[in-house]
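Student: Take a look at the following structure, please.
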Amino acid sequence: MDFINAIVLLLNYTVIPALTYGSQLALGAIFVTLVYGILRFANFATGDMMSFGTMVAVLLTFYFQSLGISFGLLPTALLTIPPAILAMIFYMLFIDKFVFSYYRVKKSPPVQLAMVSVGVMFVTQAIIRIIIGPFDRRFFDGEKFILKANEFKEMTGLNEGLTIKSTQAITIFVTVIVVSIMFWFLNRTKTGTSMRAYSDNEDLALLSGIDPKKVVLITWIIAGILATIGGVLYGLDKSYRPFVYFNNMLPIFAAAIVGGIGNPFGAFLGGYVIAFAEILVTYAYKKFFAYLLPEFMEPDSLMQLLSTDYKFAVSFSILVIVLLFRPSGIFKGKTL
Amino acid sequence: MAFFEGSKMTAGYGDGPDIISSCTINVDKGEIVAILGPNGAGKSTAMKTMLGLLNLKSGSVLINGEDITNLSPQDRVKKGISFVPQSKNVFAELTVKENLEVGAFLRTDKLDKILNDIYDLFPILEEKQSQIVGELSGGQRQQVALGRALMIKPSVLMLDEPTAGVSPIVMDELFEHIIKVKKTNVAIIMVEQNAKQALSISDRGYVLVTGQNKFEGSGNELLNDPEVRRSFLGA
């Protein structure tokens, strides 16, 4: 019984949160890796673009709520994702047309484009600050839990409760669907193949009649979908703090690099690697050991490797270790 | 009037000096034409100019009597001119079949028939169709490159050093494939370093020196021309 309690404890406090957080990172990491593979630069505006899409969803959610529109048990924000995606794509294409395309046509080196994206990041942050301000906002509504700790305890008679928040289930469910559709698109459709071909060998792709403008357009459309969904899911699960997305760029980039930058499937798995590492390293195992060990061996300390304040240090360390020992990423195989 | 002709072409990279000057190259359907010459003679440049990768300062490029001098490379590909670059001529991260499919991007009809034609020409590609091209051998990659270029059913095929960096055995095999392609009534221009072997399968050849036509003639004429032999074939 103690053993099962220990497992439930771990599930509740590490596995489920890590799967949720990992999904959110994975969506951002695929965004980074796609832009890197096709547009050939590290987009430092990733985090704030996600924040921008989420901001639109938050504002629309408040508007829908004021109109009395709701999505039943599910959060209203899910209804606002499609229009928010449209706004996000429009914003990205606007930025691309007036900023990135100039450097792309000039064939500027990737580092220059990366610096340009830092500029875009600052501008995007300013726009967000002007429109919605820097404050914390909760926009979650609907049913909060799918499974409550007390219900679980009654059902199973265990000491430990298992909680599944609806945002966690929604995050994992939506991520699986979005990522499946995206991989189907990239691997099975003509347009997807042309994107992979363009990423692999740009000159030959041009000679094969692939239209670079179309490839760039589709890339931003997919990026807009990923950024908005990833951002909204993260905001629903925690709360919408506009500038927390900037901090999330470190784990997102770490995930993309761990997966081998340019490799979307690697980025997808990389998101979970980073999430599990962050959560497992910063979790306090005292109670877990209390269940498993005999009473006299019970640990006095929290049994926590690192304080949660240092969770970014975990992704940073993984990033450095991967770059030192496996710079092409820990997953073998093809890139985009 | 030849089927595909670049006449009196003068061109260079950007604002730099002219690499080729008043250079004329033509080819007819069902013919293999080799462009030979020492390093830096402008062989590849001449070919790239015919594809439109360089802007002409003077001269013209015609296909089937139509002036295509001002068309972009992509538009020339639509006219049925296919090009196999010397390096990076395949999508290394895509499968063999995907490479061929991308080659046929400009086609709107069903691919099954043309795909089967290519598999008939290069049986190994059918066997390896779902393998990643990056995992194939050099000779097999060159076959993928040829196959990709043939997917649009081109009337002109341009090959930039198709045998660079492959073993002599593979080279013979590749030349056999090129002859098979020629028999499907395609006009073939190739730039080659292996001059003797290239001339032996070519109907005609051009020898360029410092960007100008120096010698031209049938494969045998050039092979037996004492001056060409001495200055260029090294025997």
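In the structure tokens, chains take the letters A, B, ... in the order shown, each chain's residues start at 1, and ligands count up from 1 in the order shown.
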Give me, as number ranges by chain, all polymer residues having an atom no more than 6 Å from stretch 78-86 of chain B, counting only C-alpha atoms and skipping those fewer than 4 positions away in the same chain.
Tutor: B: 149, 154-161
Student: Each residue of chain B lying at most 9 Å from chain A should get a row with its shortest atom-to-atom pair and the distance in Å to one decimal, counting only C-alpha atoms; could you produce that, ordered by chain and increasing number, as JSON lines?
Tutor:
```
{"residue": "B:Pro73", "atom": "CA", "partner": "A:Leu207", "partner_atom": "CA", "distance": 6.9}
{"residue": "B:Gln74", "atom": "CA", "partner": "A:Gly209", "partner_atom": "CA", "distance": 5.7}
{"residue": "B:Asp75", "atom": "CA", "partner": "A:Gly209", "partner_atom": "CA", "distance": 8.3}
{"residue": "B:Val77", "atom": "CA", "partner": "A:Leu207", "partner_atom": "CA", "distance": 6.9}
{"residue": "B:Lys78", "atom": "CA", "partner": "A:Gly209", "partner_atom": "CA", "distance": 7.8}
{"residue": "B:Ser82", "atom": "CA", "partner": "A:Leu207", "partner_atom": "CA", "distance": 8.1}
{"residue": "B:Phe83", "atom": "CA", "partner": "A:Leu207", "partner_atom": "CA", "distance": 7.7}
{"residue": "B:Val84", "atom": "CA", "partner": "A:Leu204", "partner_atom": "CA", "distance": 8.7}
{"residue": "B:Pro85", "atom": "CA", "partner": "A:Leu204", "partner_atom": "CA", "distance": 8.2}
{"residue": "B:Lys88", "atom": "CA", "partner": "A:Asn201", "partner_atom": "CA", "distance": 7.2}
{"residue": "B:Asn89", "atom": "CA", "partner": "A:Leu204", "partner_atom": "CA", "distance": 6.6}
{"residue": "B:Val90", "atom": "CA", "partner": "A:Leu204", "partner_atom": "CA", "distance": 7.4}
{"residue": "B:Phe91", "atom": "CA", "partner": "A:Asp200", "partner_atom": "CA", "distance": 6.0}
{"residue": "B:Ala92", "atom": "CA", "partner": "A:Asp200", "partner_atom": "CA", "distance": 7.0}
{"residue": "B:Glu93", "atom": "CA", "partner": "A:Lys334", "partner_atom": "CA", "distance": 5.7}
{"residue": "B:Leu94", "atom": "CA", "partner": "A:Ala197", "partner_atom": "CA", "distance": 7.2}
{"residue": "B:Glu98", "atom": "CA", "partner": "A:Thr193", "partner_atom": "CA", "distance": 7.2}
{"residue": "B:Asn99", "atom": "CA", "partner": "A:Ala197", "partner_atom": "CA", "distance": 8.1}
{"residue": "B:Glu101", "atom": "CA", "partner": "A:Lys190", "partner_atom": "CA", "distance": 8.4}
{"residue": "B:Val102", "atom": "CA", "partner": "A:Ser208", "partner_atom": "CA", "distance": 6.6}
{"residue": "B:Gly103", "atom": "CA", "partner": "A:Ser208", "partner_atom": "CA", "distance": 5.4}
{"residue": "B:Ala104", "atom": "CA", "partner": "A:Ser208", "partner_atom": "CA", "distance": 7.4}
{"residue": "B:Phe105", "atom": "CA", "partner": "A:Gly209", "partner_atom": "CA", "distance": 6.3}
{"residue": "B:Leu106", "atom": "CA", "partner": "A:Gly209", "partner_atom": "CA", "distance": 6.0}
{"residue": "B:Ile132", "atom": "CA", "partner": "A:Lys334", "partner_atom": "CA", "distance": 8.5}
{"residue": "B:Arg148", "atom": "CA", "partner": "A:Ser208", "partner_atom": "CA", "distance": 8.6}
{"residue": "B:Ala149", "atom": "CA", "partner": "A:Ser208", "partner_atom": "CA", "distance": 8.1}
{"residue": "B:Ile152", "atom": "CA", "partner": "A:Ser208", "partner_atom": "CA", "distance": 8.9}
```
Student: Just checking: using only C-alpha atoms, which residue out of B:Val209, B:Leu199, B:Leu222, B:Val96 ends up closest to B:Asn39?
Tutor: B:Val209
Student: For atom CA of A:Phe62 and atom CA of A:Leu233, determine how far apart the two atoms are, in Å to one decimal place.
Tutor: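 For atom CA of A:Phe62 relative to atom CA of A:Leu233, the distance reads 16.3 Å.
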Student: Can you tell me which residues surround A:Val314 at a distance of at most 12 Å, considering only C-alpha atoms, apart from same-chain residues fewer than 2 positions away, and format the answer as a ChimeraX atom specification?
Tutor: /A:250-251,254-255,273-282,305-312,316-321
Student: I need the residues from that last selection saved to file as a PDB file, in the first residue's frame (with C-alpha atoms), if you can.
Tutor:
```
ATOM      1  CA  LEU A 250      15.322  29.331 -22.077  1.00  0.00           C
ATOM      2  CA  PRO A 251      13.645  25.936 -21.567  1.00  0.00           C
ATOM      3  CA  ALA A 254      16.953  24.105 -24.575  1.00  0.00           C
ATOM      4  CA  ALA A 255      14.239  21.693 -25.752  1.00  0.00           C
ATOM      5  CA  VAL A 273      13.041  15.876 -21.560  1.00  0.00           C
ATOM      6  CA  ILE A 274      13.471  19.421 -20.259  1.00  0.00           C
ATOM      7  CA  ALA A 275      10.164  19.413 -18.378  1.00  0.00           C
ATOM      8  CA  PHE A 276      10.836  16.111 -16.634  1.00  0.00           C
ATOM      9  CA  ALA A 277      14.385  17.152 -15.790  1.00  0.00           C
ATOM     10  CA  GLU A 278      13.261  20.470 -14.300  1.00  0.00           C
ATOM     11  CA  ILE A 279      10.498  18.930 -12.242  1.00  0.00           C
ATOM     12  CA  LEU A 280      12.292  15.771 -11.113  1.00  0.00           C
ATOM     13  CA  VAL A 281      15.361  17.703 -10.007  1.00  0.00           C
ATOM     14  CA  THR A 282      13.416  20.316  -8.070  1.00  0.00           C
ATOM     15  CA  LEU A 305      18.233  18.321  -5.175  1.00  0.00           C
ATOM     16  CA  LEU A 306      17.639  21.946  -6.099  1.00  0.00           C
ATOM     17  CA  SER A 307      15.233  24.584  -4.924  1.00  0.00           C
ATOM     18  CA  THR A 308      12.489  25.359  -7.459  1.00  0.00           C
ATOM     19  CA  ASP A 309      13.980  28.844  -7.766  1.00  0.00           C
ATOM     20  CA  TYR A 310      16.766  27.192  -9.707  1.00  0.00           C
ATOM     21  CA  LYS A 311      14.616  25.348 -12.194  1.00  0.00           C
ATOM     22  CA  PHE A 312      15.967  27.441 -15.061  1.00  0.00           C
ATOM     23  CA  PHE A 316      20.545  25.811 -18.767  1.00  0.00           C
ATOM     24  CA  SER A 317      22.774  22.967 -17.567  1.00  0.00           C
ATOM     25  CA  ILE A 318      21.142  20.521 -19.957  1.00  0.00           C
ATOM     26  CA  LEU A 319      21.626  23.021 -22.759  1.00  0.00           C
ATOM     27  CA  VAL A 320      25.319  23.395 -21.981  1.00  0.00           C
ATOM     28  CA  ILE A 321      25.881  19.663 -21.537  1.00  0.00           C
TER      29      ILE A 321
END
```
Student: Please report, as an MDAnalysis selection string, each residue of stretch 130-179 of chain A to which DSSP assigns strand (DSSP E) when run on this structure's backbone.
Tutor: chainID A and resid 145:147 164:165
Student: Pull N, CA and C atoms from the residues just selected and write them as a PDB file, in the first residue's frame.
Tutor:
```
ATOM      1  N   PHE A 145     -11.555  20.867 -12.099  1.00  0.00           N
ATOM      2  CA  PHE A 145     -10.919  19.553 -11.926  1.00  0.00           C
ATOM      3  C   PHE A 145     -11.660  18.468 -12.695  1.00  0.00           C
ATOM      4  N   ILE A 146     -10.905  17.534 -13.192  1.00  0.00           N
ATOM      5  CA  ILE A 146     -11.505  16.325 -13.755  1.00  0.00           C
ATOM      6  C   ILE A 146     -11.561  15.281 -12.654  1.00  0.00           C
ATOM      7  N   LEU A 147     -10.502  15.238 -11.872  1.00  0.00           N
ATOM      8  CA  LEU A 147     -10.417  14.288 -10.774  1.00  0.00           C
ATOM      9  C   LEU A 147      -9.871  15.036  -9.568  1.00  0.00           C
ATOM     10  N   ILE A 164      -6.319  15.604 -11.161  1.00  0.00           N
ATOM     11  CA  ILE A 164      -6.093  15.940 -12.563  1.00  0.00           C
ATOM     12  C   ILE A 164      -6.892  17.202 -12.848  1.00  0.00           C
ATOM     13  N   LYS A 165      -6.149  18.281 -13.094  1.00  0.00           N
ATOM     14  CA  LYS A 165      -6.827  19.533 -13.431  1.00  0.00           C
ATOM     15  C   LYS A 165      -7.282  19.458 -14.879  1.00  0.00           C
TER      16      LYS A 165
END
```
Student: Can you list, as an NGL selection string, every protein, DNA or RNA residue that comes within 7 Å of B:Gly211 when you count only C-alpha atoms, leaving out same-chain residues fewer than 6 positions away?
Tutor: :B and (19-21 or 23 or 41-42)
